[in-house]
Amino acid sequence: MRTGIRLIKNANKWPDRKAIISNNKSYTYQNLLNSSEIVATHLLREKHDLAETRVCFLVTPGFEYTALQWGIWRAGGIAVPLCVQHPLPSLEYVINNSRSEILIVDENYIESIDPIIKQKKVIVYKTSELFVKKTLASLPIIEENRRALILYTSGTTSQPKGVVTTHANINFQIETLVTAWRWQPNDHIVNVLPLHHVHGIINIMSCALNVGACCQFVTKFDAGKLWNLFTMGKINLFMAVPTIYFKLIDYWVNASAEKQSQLSDAISSFRLMVSGSAALPVPVLEKWRQISGHTLLERYGMTEIGMAISNPFEGERRPGHIGQALPGVNIRLWNEDGIVEDENIAGEIQIKGPNVFLEYWEKPEATKQSFTNDGWFKSGDIALLSNGYYKILGRDSVDIIKSGGYKISALEIEDVIRKHPSINDCAVVGIPNDEWGEIVSACLVIAKNKKVDIEEINSWLKKQIAPYKLPRKYIFLKELPRNVLGKVTKNKLKNQF
Ligand code: MCA
Ligand code: AMP
């Protein structure tokens, strides 16, 4: 076999096992191997190796998505998944910033990206074109240390940065979770998460496919439909963001007593249920325990590091805590006094290990800034250790918002809003919310003699930013509260909502 990509190597061990269910169809590992080889052949054209060419793809989660990702890797390319909910400017940003040379698009998104196609800067394929059989090319050998994936993440800069992970990073990120959470070939997981983030791509899809398990895709989250799927009796593993558990609870609470007991029965025999991407509120954990008999396993991760800290598979899963370092991952807390040696003292979570990303794409200065001089990645999350378990206290930046599990930059939204002709100034903050974690909220200063209509602002914004970044609350002020240095006092502003 001619590849160093662990997922491909492993798939050859169990070709006949069921790998994927999507669109009511089942696919084996052999189907994945065959299709990804065809995709790789098409992408290579006459070349021997894509040699880390960036390949963007705007594709609905499912079998084709997975085969394309594998095909890009097998041809030697870097996979750059695009968010299917993003409006044109956000897609354009990722395609241009990654300097992608190839763009793969599902038929149903073609029209929406017509202006990009017309620019003719990238080679565009319709997804179906890459699955047409042809004489197979000889595929390059992919070394583990080659770049594999770029995921865009929002941070303390206005525009998202491309997080580059290598095949070695990905192999390790998968391996540590497979070990810690005891992934098994008989596992059957449902994936309701978007596939432009680590949670959906690594924790669910890739862990399942690494062990010969089955990953079933649902392309749009719907609490009722998901509960229905749970009652079919096939699924035994579930992972999601806290907002999804909140919505599943809401559905259960509103069901009849008979239905409630049917739903609870369906999930009581699951092997494992995991929550992450944002803080799991203790009341949600408690209610889910009452409904399902499961204590949700809460874990902590980040695009730059995959998963780093987790409650145990066996042993105490402590509500309100994220657990302990995963196997092979080094964690320390750091504050202005240096490394935190004692329990109950707050510090920034810093991470070192084979899970940590290679670089921010073409941003050497930002990459350097995100590590300490002795090579630890600075997460920006503040935590303490309490009786051997880490507990998150907050973030060091008020400009990062977590809503529905998505990381959102307040600065990015502010930059867009300020371009509106009726708005003089604005500040965006995250307001705590039981369902969403935080709600994106904007304070607007209207330009003199102008009027604004929230609906008009929202539909104007929708054309420029992803729907999950839209402000859901607005207030209007004559001027923004600022400190003596002229900086907006966002914590003060939050109280005004
Ligand atoms: C949607 N709505 C919202 C928000 N999003 N309201 C407030 N805040 C929001 N963020 C509203 C819409 O306006 C609409 O309202 C209604 O909710 C339904 O909208 P829809 O778009 O259909 O939402 P949904 O499909 O129900 O989405 C909820 C979701 C989604 C499934 C929880 O947000 C999601 O997939 N989140 C997961 C993101 C993720 O994978 N993050 C991982 C990244 P109306 O009905 O009034 O019109 S973090 C990561 O990967 C790291 C490594 C880690 O640790 O895991
Ligand atoms: P992202 O950059 O989208 O990968 O999001 C990573 C961020 O999500 C982390 O830096 C944390 O702030 C947050 N996060 C992930 N898991 C948890 C958790 N279990 N509890 C609190 N915050 C979390």
# chains A, B, ... in the order shown; residues from 1 in each chain; ligands from 1

call {"tool": "residues_around", "arguments": {"residues": "segment 38-48 of chain A", "least_positions_apart": "4", "cutoff": "9 Å", "atoms": "only C-alpha atoms", "output": "ChimeraX atom specification"}}
result
/A:33-34,67-68,70-77,102,129-140

call {"tool": "write_last_selection", "arguments": {"atoms": "N, CA and C atoms", "output": "compact mmCIF listing (two decimals), in the first residue's frame"}}
result
# COMPACT_ATOMS: atom_id res chain seq x y z
N LEU A 33 -12.36 3.69 -0.45
CA LEU A 33 -11.02 3.55 -1.03
C LEU A 33 -11.08 3.74 -2.55
N ASN A 34 -12.05 3.08 -3.17
CA ASN A 34 -12.15 3.17 -4.65
C ASN A 34 -12.44 4.60 -5.08
N ALA A 67 -15.02 11.02 0.69
CA ALA A 67 -14.19 10.50 -0.40
C ALA A 67 -13.34 11.61 -1.01
N LEU A 68 -13.90 12.82 -1.07
CA LEU A 68 -13.13 13.95 -1.61
C LEU A 68 -11.97 14.30 -0.69
N TRP A 70 -10.42 12.38 1.42
CA TRP A 70 -9.40 11.33 1.29
C TRP A 70 -8.67 11.43 -0.06
N GLY A 71 -9.45 11.75 -1.11
CA GLY A 71 -8.87 11.86 -2.45
C GLY A 71 -7.86 12.99 -2.53
N ILE A 72 -8.19 14.12 -1.90
CA ILE A 72 -7.26 15.26 -1.89
C ILE A 72 -5.97 14.84 -1.21
N TRP A 73 -6.11 14.16 -0.06
CA TRP A 73 -4.92 13.71 0.68
C TRP A 73 -4.10 12.71 -0.14
N ARG A 74 -4.80 11.77 -0.78
CA ARG A 74 -4.08 10.73 -1.53
C ARG A 74 -3.35 11.32 -2.73
N ALA A 75 -3.83 12.45 -3.26
CA ALA A 75 -3.15 13.10 -4.39
C ALA A 75 -2.03 14.02 -3.90
N GLY A 76 -1.90 14.17 -2.57
CA GLY A 76 -0.83 15.02 -2.02
C GLY A 76 -1.26 16.45 -1.78
N GLY A 77 -2.56 16.73 -1.82
CA GLY A 77 -3.05 18.09 -1.62
C GLY A 77 -3.36 18.40 -0.16
N ILE A 102 -7.58 24.76 -6.62
CA ILE A 102 -8.69 23.93 -7.08
C ILE A 102 -9.88 24.16 -6.16
N GLU A 129 -18.21 15.31 -11.18
CA GLU A 129 -17.17 15.12 -12.22
C GLU A 129 -15.99 14.31 -11.69
N LEU A 130 -15.73 14.44 -10.40
CA LEU A 130 -14.55 13.77 -9.83
C LEU A 130 -14.80 12.31 -9.48
N PHE A 131 -16.07 11.87 -9.66
CA PHE A 131 -16.39 10.47 -9.34
C PHE A 131 -16.57 9.63 -10.61
N VAL A 132 -16.34 10.25 -11.76
CA VAL A 132 -16.46 9.52 -13.03
C VAL A 132 -15.25 8.60 -13.17
N LYS A 133 -15.52 7.32 -13.44
CA LYS A 133 -14.44 6.34 -13.50
C LYS A 133 -13.42 6.69 -14.57
N LYS A 134 -12.15 6.45 -14.29
CA LYS A 134 -11.12 6.61 -15.31
C LYS A 134 -9.92 5.74 -14.94
N THR A 135 -8.98 5.59 -15.85
CA THR A 135 -7.80 4.76 -15.58
C THR A 135 -7.03 5.36 -14.42
N LEU A 136 -6.79 4.54 -13.43
CA LEU A 136 -6.23 5.08 -12.19
C LEU A 136 -4.77 5.48 -12.34
N ALA A 137 -4.43 6.59 -11.70
CA ALA A 137 -3.04 7.05 -11.72
C ALA A 137 -2.27 6.40 -10.58
N SER A 138 -0.97 6.44 -10.69
CA SER A 138 -0.15 5.97 -9.57
C SER A 138 -0.10 7.12 -8.56
N LEU A 139 -0.43 6.81 -7.31
CA LEU A 139 -0.55 7.88 -6.31
C LEU A 139 0.76 8.08 -5.55
N PRO A 140 1.01 9.31 -5.15
CA PRO A 140 2.28 9.58 -4.45
C PRO A 140 2.28 8.99 -3.03

call {"tool": "residues_near_ligand", "arguments": {"ligand": "ligand 2", "cutoff": "9 Å", "atoms": "only C-alpha atoms and all ligand atoms", "output": "mmCIF file with C-alpha atoms, in the first residue's frame"}}
result
data_model
loop_
_atom_site.group_PDB
_atom_site.id
_atom_site.type_symbol
_atom_site.label_atom_id
_atom_site.label_comp_id
_atom_site.auth_asym_id
_atom_site.auth_seq_id
_atom_site.Cartn_x
_atom_site.Cartn_y
_atom_site.Cartn_z
ATOM 1 C CA TYR A 152 -10.301 28.609 9.370
ATOM 2 C CA THR A 153 -10.801 29.806 12.918
ATOM 3 C CA SER A 154 -11.845 33.147 14.338
ATOM 4 C CA GLY A 155 -9.582 34.718 16.881
ATOM 5 C CA HIS A 197 -14.457 22.231 12.168
ATOM 6 C CA VAL A 198 -12.473 19.739 14.225
ATOM 7 C CA HIS A 199 -15.467 18.478 16.215
ATOM 8 C CA VAL A 241 -22.182 20.856 21.347
ATOM 9 C CA PRO A 242 -24.133 21.885 24.492
ATOM 10 C CA SER A 275 -20.269 17.209 24.935
ATOM 11 C CA GLY A 276 -17.740 19.832 23.900
ATOM 12 C CA SER A 277 -16.786 22.957 21.904
ATOM 13 C CA ALA A 278 -18.266 25.164 24.645
ATOM 14 C CA ALA A 279 -18.918 24.989 28.371
ATOM 15 C CA LEU A 280 -21.577 22.428 29.283
ATOM 16 C CA GLU A 298 -17.264 16.800 28.769
ATOM 17 C CA ARG A 299 -13.974 17.471 27.039
ATOM 18 C CA TYR A 300 -11.969 20.521 25.935
ATOM 19 C CA GLY A 301 -10.355 21.236 22.595
ATOM 20 C CA MET A 302 -9.475 23.875 20.063
ATOM 21 C CA THR A 303 -8.924 23.993 16.313
ATOM 22 C CA GLU A 304 -5.186 24.507 16.867
ATOM 23 C CA ILE A 305 -4.757 21.485 19.146
ATOM 24 C CA GLY A 306 -7.597 19.046 18.491
ATOM 25 C CA MET A 307 -8.666 17.639 21.853
ATOM 26 C CA ILE A 309 -8.358 17.643 28.121
ATOM 27 C CA SER A 310 -11.162 15.193 28.815
ATOM 28 C CA GLY A 320 -18.585 21.788 35.444
ATOM 29 C CA HIS A 321 -15.065 20.414 34.833
ATOM 30 C CA ILE A 322 -13.268 19.453 31.632
ATOM 31 C CA SER A 379 -4.843 28.849 24.275
ATOM 32 C CA GLY A 380 -6.192 32.109 25.720
ATOM 33 C CA ASP A 381 -8.507 30.037 27.953
ATOM 34 C CA ILE A 382 -8.201 30.576 31.695
ATOM 35 C CA LYS A 391 -12.095 23.767 35.318
ATOM 36 C CA ILE A 392 -12.501 26.570 32.755
ATOM 37 C CA LEU A 393 -13.003 30.023 34.243
ATOM 38 C CA GLY A 394 -13.233 32.078 31.070
ATOM 39 C CA ARG A 395 -11.206 33.555 28.241
ATOM 40 C CA ILE A 400 -14.094 36.043 21.256
ATOM 41 C CA ILE A 401 -17.687 34.829 21.456
ATOM 42 C CA LYS A 402 -18.863 31.206 21.598
ATOM 43 C CA GLY A 405 -20.397 25.953 19.671
ATOM 44 C CA TYR A 406 -19.074 28.318 16.991
ATOM 45 C CA LYS A 407 -16.147 30.577 17.807
ATOM 46 C CA ILE A 408 -16.928 34.062 16.572
#

call {"tool": "residues_around", "arguments": {"residues": "Asp453 of chain A", "least_positions_apart": "5", "cutoff": "12 Å", "atoms": "only C-alpha atoms", "output": "ChimeraX atom specification"}}
result
/A:420,422-423,444,446,458-460,474,476

call {"tool": "select_by_dssp", "arguments": {"residues": "segment 97-298 of chain A", "states": "strand (DSSP E)", "output": "ChimeraX atom specification"}}
result
/A:102-105,123-126,147-153,161-166,188-191,214-217,237-240,272-275,297-298

call {"tool": "write_last_selection", "arguments": {"atoms": "C-alpha atoms", "output": "short mmCIF file (atom, residue, chain, number, x, y, z; two decimals), in the first residue's frame"}}
result
data_model
loop_
_atom_site.label_atom_id
_atom_site.label_comp_id
_atom_site.auth_asym_id
_atom_site.auth_seq_id
_atom_site.Cartn_x
_atom_site.Cartn_y
_atom_site.Cartn_z
CA ILE A 102 -8.69 23.93 -7.08
CA LEU A 103 -12.31 24.35 -5.99
CA ILE A 104 -14.78 21.47 -5.79
CA VAL A 105 -18.45 22.38 -5.55
CA ILE A 123 -9.87 25.26 -11.46
CA VAL A 124 -13.49 24.42 -10.65
CA TYR A 125 -14.91 20.89 -10.57
CA LYS A 126 -18.46 19.86 -9.90
CA ARG A 147 0.46 19.46 5.56
CA ALA A 148 -3.01 17.87 5.37
CA LEU A 149 -5.73 20.28 6.41
CA ILE A 150 -6.44 24.00 6.77
CA LEU A 151 -9.40 24.95 8.98
CA TYR A 152 -10.30 28.61 9.37
CA THR A 153 -10.80 29.81 12.92
CA LYS A 161 -6.78 32.50 10.32
CA GLY A 162 -6.05 29.21 8.57
CA VAL A 163 -4.94 26.57 11.06
CA VAL A 164 -2.60 24.10 9.33
CA THR A 165 -2.39 20.54 10.64
CA THR A 166 -0.16 17.80 9.27
CA HIS A 188 -22.19 3.54 15.05
CA ILE A 189 -22.20 7.32 15.42
CA VAL A 190 -24.45 9.98 13.95
CA ASN A 191 -22.77 13.18 12.77
CA CYS A 214 -19.90 3.45 10.95
CA CYS A 215 -20.51 7.20 10.62
CA GLN A 216 -24.04 8.23 9.67
CA PHE A 217 -24.49 11.77 8.39
CA LEU A 237 -22.50 6.84 20.30
CA PHE A 238 -23.26 10.56 20.18
CA MET A 239 -21.17 13.74 20.31
CA ALA A 240 -22.44 17.29 20.08
CA LEU A 272 -21.00 6.96 25.25
CA MET A 273 -22.34 10.51 24.94
CA VAL A 274 -19.90 13.44 24.72
CA SER A 275 -20.27 17.21 24.93
CA LEU A 297 -18.47 13.19 29.09
CA GLU A 298 -17.26 16.80 28.77
#

call {"tool": "atom_distance", "arguments": {"atom1": "atom CA of Ser268 of chain A", "atom2": "atom CA of Arg317 of chain A"}}
result
17.0 Å

call {"tool": "select_by_dssp", "arguments": {"residues": "segment 312-393 of chain A", "states": "alpha helix (DSSP H)", "output": "ChimeraX atom specification"}}
result
/A:364-369

call {"tool": "residues_around", "arguments": {"residues": "Lys363 of chain A", "least_positions_apart": "2", "cutoff": "12 Å", "atoms": "only C-alpha atoms", "output": "PyMOL selection string"}}
result
chain A and resi 97-98+160-164+358-361+365-370

call {"tool": "residues_around", "arguments": {"residues": "Val122 of chain A", "least_positions_apart": "4", "cutoff": "10 Å", "atoms": "only C-alpha atoms", "output": "ChimeraX atom specification"}}
result
/A:55-56,95-96,99-104,116-118

call {"tool": "write_last_selection", "arguments": {"atoms": "N, CA and C atoms", "output": "PDB file, in the first residue's frame"}}
result
ATOM      1  N   VAL A  55      -6.766  22.610  -1.906  1.00  0.00           N
ATOM      2  CA  VAL A  55      -7.982  22.268  -2.623  1.00  0.00           C
ATOM      3  C   VAL A  55      -9.181  22.592  -1.729  1.00  0.00           C
ATOM      4  N   CYS A  56      -9.947  23.616  -2.120  1.00  0.00           N
ATOM      5  CA  CYS A  56     -11.152  23.986  -1.365  1.00  0.00           C
ATOM      6  C   CYS A  56     -12.299  23.108  -1.806  1.00  0.00           C
ATOM      7  N   ILE A  95     -10.966  31.049   0.079  1.00  0.00           N
ATOM      8  CA  ILE A  95     -10.349  30.577  -1.176  1.00  0.00           C
ATOM      9  C   ILE A  95      -9.108  31.419  -1.493  1.00  0.00           C
ATOM     10  N   ASN A  96      -9.234  32.739  -1.359  1.00  0.00           N
ATOM     11  CA  ASN A  96      -8.096  33.618  -1.669  1.00  0.00           C
ATOM     12  C   ASN A  96      -6.997  33.512  -0.633  1.00  0.00           C
ATOM     13  N   ARG A  99      -4.936  30.601  -0.909  1.00  0.00           N
ATOM     14  CA  ARG A  99      -4.395  30.531  -2.272  1.00  0.00           C
ATOM     15  C   ARG A  99      -4.687  29.161  -2.883  1.00  0.00           C
ATOM     16  N   SER A 100      -5.954  28.795  -2.785  1.00  0.00           N
ATOM     17  CA  SER A 100      -6.367  27.507  -3.355  1.00  0.00           C
ATOM     18  C   SER A 100      -6.299  27.555  -4.870  1.00  0.00           C
ATOM     19  N   GLU A 101      -5.882  26.437  -5.446  1.00  0.00           N
ATOM     20  CA  GLU A 101      -5.805  26.366  -6.909  1.00  0.00           C
ATOM     21  C   GLU A 101      -6.957  25.571  -7.495  1.00  0.00           C
ATOM     22  N   ILE A 102      -7.581  24.765  -6.621  1.00  0.00           N
ATOM     23  CA  ILE A 102      -8.690  23.926  -7.085  1.00  0.00           C
ATOM     24  C   ILE A 102      -9.884  24.161  -6.162  1.00  0.00           C
ATOM     25  N   LEU A 103     -11.078  24.191  -6.765  1.00  0.00           N
ATOM     26  CA  LEU A 103     -12.310  24.355  -5.987  1.00  0.00           C
ATOM     27  C   LEU A 103     -13.306  23.290  -6.441  1.00  0.00           C
ATOM     28  N   ILE A 104     -13.792  22.514  -5.475  1.00  0.00           N
ATOM     29  CA  ILE A 104     -14.777  21.473  -5.793  1.00  0.00           C
ATOM     30  C   ILE A 104     -16.121  21.902  -5.194  1.00  0.00           C
ATOM     31  N   ILE A 116     -17.174  33.721  -8.278  1.00  0.00           N
ATOM     32  CA  ILE A 116     -15.825  33.144  -8.076  1.00  0.00           C
ATOM     33  C   ILE A 116     -15.423  32.344  -9.309  1.00  0.00           C
ATOM     34  N   ILE A 117     -16.372  31.592  -9.843  1.00  0.00           N
ATOM     35  CA  ILE A 117     -16.071  30.784 -11.035  1.00  0.00           C
ATOM     36  C   ILE A 117     -15.662  31.720 -12.186  1.00  0.00           C
ATOM     37  N   LYS A 118     -16.400  32.837 -12.293  1.00  0.00           N
ATOM     38  CA  LYS A 118     -16.134  33.763 -13.411  1.00  0.00           C
ATOM     39  C   LYS A 118     -14.747  34.399 -13.324  1.00  0.00           C
TER      40      LYS A 118
END

call {"tool": "atom_distance", "arguments": {"atom1": "atom CA of Met232 of chain A", "atom2": "atom CA of Asp265 of chain A"}}
result
11.3 Å

call {"tool": "atom_distance", "arguments": {"atom1": "atom CA of Gly486 of chain A", "atom2": "atom CA of Glu414 of chain A"}}
result
16.3 Å

call {"tool": "residues_around", "arguments": {"residues": "Ser292 of chain A", "least_positions_apart": "6", "cutoff": "12 Å", "atoms": "only C-alpha atoms", "output": "list in words"}}
result
Trp227, Phe230, Tyr245, Leu248, Ile249, Trp252, Gln260, Ser261, Gln262, Leu263, Ser264, Asp265, Ala266, Ile267, Ser268, Ser269, Phe270, Arg271, Leu272, Met273, Val284, Leu285 and Glu286 of chain A

call {"tool": "write_last_selection", "arguments": {"atoms": "N, CA, C and O atoms", "output": "compact mmCIF listing (two decimals), in the first residue's frame"}}
result
# COMPACT_ATOMS: atom_id res chain seq x y z
N TRP A 227 -34.04 12.53 17.46
CA TRP A 227 -34.60 11.61 18.44
C TRP A 227 -35.16 10.37 17.74
O TRP A 227 -34.98 9.24 18.19
N PHE A 230 -32.48 8.08 16.89
CA PHE A 230 -32.02 7.37 18.10
C PHE A 230 -32.90 6.14 18.38
O PHE A 230 -32.42 5.12 18.83
N TYR A 245 -27.63 19.51 22.94
CA TYR A 245 -28.23 18.81 24.08
C TYR A 245 -29.39 19.63 24.64
O TYR A 245 -30.43 19.09 25.01
N LEU A 248 -32.31 19.05 22.39
CA LEU A 248 -32.86 17.69 22.54
C LEU A 248 -33.67 17.59 23.83
O LEU A 248 -34.72 16.95 23.86
N ILE A 249 -33.17 18.24 24.87
CA ILE A 249 -33.91 18.25 26.15
C ILE A 249 -35.25 18.95 25.97
O ILE A 249 -36.29 18.47 26.41
N TRP A 252 -37.69 16.72 24.35
CA TRP A 252 -38.11 15.65 25.27
C TRP A 252 -39.12 16.18 26.29
O TRP A 252 -40.15 15.56 26.54
N GLN A 260 -41.83 10.25 26.06
CA GLN A 260 -40.61 10.50 26.84
C GLN A 260 -39.96 9.19 27.22
O GLN A 260 -38.74 9.02 27.09
N SER A 261 -40.75 8.24 27.69
CA SER A 261 -40.12 7.01 28.17
C SER A 261 -39.58 6.21 26.98
O SER A 261 -38.53 5.57 27.07
N GLN A 262 -40.24 6.32 25.82
CA GLN A 262 -39.73 5.64 24.62
C GLN A 262 -38.38 6.25 24.20
O GLN A 262 -37.43 5.53 23.88
N LEU A 263 -38.30 7.57 24.25
CA LEU A 263 -37.06 8.25 23.85
C LEU A 263 -35.93 7.93 24.84
O LEU A 263 -34.79 7.65 24.44
N SER A 264 -36.25 7.99 26.12
CA SER A 264 -35.23 7.71 27.13
C SER A 264 -34.70 6.29 26.99
O SER A 264 -33.49 6.06 27.06
N ASP A 265 -35.61 5.35 26.75
CA ASP A 265 -35.19 3.94 26.58
C ASP A 265 -34.20 3.82 25.43
O ASP A 265 -33.23 3.08 25.50
N ALA A 266 -34.50 4.56 24.35
CA ALA A 266 -33.68 4.43 23.13
C ALA A 266 -32.23 4.79 23.37
O ALA A 266 -31.33 4.17 22.81
N ILE A 267 -31.98 5.78 24.21
CA ILE A 267 -30.58 6.21 24.37
C ILE A 267 -29.91 5.63 25.61
O ILE A 267 -28.69 5.76 25.77
N SER A 268 -30.70 4.97 26.46
CA SER A 268 -30.10 4.50 27.72
C SER A 268 -28.99 3.48 27.48
O SER A 268 -28.07 3.37 28.26
N SER A 269 -29.06 2.76 26.35
CA SER A 269 -28.05 1.72 26.11
C SER A 269 -26.87 2.22 25.27
O SER A 269 -26.01 1.43 24.88
N PHE A 270 -26.83 3.51 24.95
CA PHE A 270 -25.68 4.03 24.19
C PHE A 270 -24.39 3.74 24.95
O PHE A 270 -24.37 3.68 26.18
N ARG A 271 -23.30 3.58 24.20
CA ARG A 271 -22.00 3.32 24.85
C ARG A 271 -21.42 4.58 25.47
O ARG A 271 -20.81 4.56 26.52
N LEU A 272 -21.63 5.72 24.79
CA LEU A 272 -21.00 6.96 25.25
C LEU A 272 -21.70 8.17 24.64
O LEU A 272 -22.09 8.15 23.48
N MET A 273 -21.82 9.25 25.45
CA MET A 273 -22.34 10.51 24.94
C MET A 273 -21.40 11.63 25.41
O MET A 273 -21.09 11.71 26.60
N VAL A 284 -27.77 21.47 32.34
CA VAL A 284 -27.99 20.67 31.13
C VAL A 284 -27.46 19.25 31.38
O VAL A 284 -28.13 18.25 31.06
N LEU A 285 -26.28 19.16 31.98
CA LEU A 285 -25.73 17.83 32.31
C LEU A 285 -26.68 17.05 33.22
O LEU A 285 -26.97 15.88 32.99
N GLU A 286 -27.20 17.74 34.23
CA GLU A 286 -28.08 17.07 35.21
C GLU A 286 -29.38 16.61 34.55
O GLU A 286 -29.85 15.50 34.77

call {"tool": "closest_residue", "arguments": {"among": "A:Lys120, A:Arg6, A:Lys225, A:Lys259", "to": "His167 of chain A", "atoms": "only C-alpha atoms"}}
result
A:Arg6

call {"tool": "closest_residue", "arguments": {"among": "A:Pro81, A:Pro354, A:Gly224, A:Pro87", "to": "Ile170 of chain A", "atoms": "only C-alpha atoms"}}
result
A:Pro354

call {"tool": "decode", "arguments": {"residues": "segment 263-269 of chain A", "atoms": "all heavy atoms", "output": "compact mmCIF listing (two decimals), in the first residue's frame"}}
result
# COMPACT_ATOMS: atom_id res chain seq x y z
N LEU A 263 -38.30 7.57 24.25
CA LEU A 263 -37.06 8.25 23.85
C LEU A 263 -35.93 7.93 24.84
O LEU A 263 -34.79 7.65 24.44
CB LEU A 263 -37.27 9.78 23.77
CG LEU A 263 -38.32 10.27 22.77
CD1 LEU A 263 -38.45 11.79 22.82
CD2 LEU A 263 -37.97 9.83 21.35
N SER A 264 -36.25 7.99 26.12
CA SER A 264 -35.23 7.71 27.13
C SER A 264 -34.70 6.29 26.99
O SER A 264 -33.49 6.06 27.06
CB SER A 264 -35.79 7.91 28.54
OG SER A 264 -36.09 9.27 28.73
N ASP A 265 -35.61 5.35 26.75
CA ASP A 265 -35.19 3.94 26.58
C ASP A 265 -34.20 3.82 25.43
O ASP A 265 -33.23 3.08 25.50
CB ASP A 265 -36.40 3.05 26.24
CG ASP A 265 -37.15 2.69 27.50
OD1 ASP A 265 -36.67 3.04 28.59
OD2 ASP A 265 -38.24 2.07 27.38
N ALA A 266 -34.50 4.56 24.35
CA ALA A 266 -33.68 4.43 23.13
C ALA A 266 -32.23 4.79 23.37
O ALA A 266 -31.33 4.17 22.81
CB ALA A 266 -34.26 5.30 22.02
N ILE A 267 -31.98 5.78 24.21
CA ILE A 267 -30.58 6.21 24.37
C ILE A 267 -29.91 5.63 25.61
O ILE A 267 -28.69 5.76 25.77
CB ILE A 267 -30.44 7.76 24.36
CG1 ILE A 267 -31.36 8.40 25.41
CG2 ILE A 267 -30.70 8.33 23.00
CD1 ILE A 267 -31.10 9.89 25.56
N SER A 268 -30.70 4.97 26.46
CA SER A 268 -30.10 4.50 27.72
C SER A 268 -28.99 3.48 27.48
O SER A 268 -28.07 3.37 28.26
CB SER A 268 -31.18 3.90 28.63
OG SER A 268 -31.75 2.78 27.98
N SER A 269 -29.06 2.76 26.35
CA SER A 269 -28.05 1.72 26.11
C SER A 269 -26.87 2.22 25.27
O SER A 269 -26.01 1.43 24.88
CB SER A 269 -28.71 0.54 25.42
OG SER A 269 -29.30 1.00 24.22
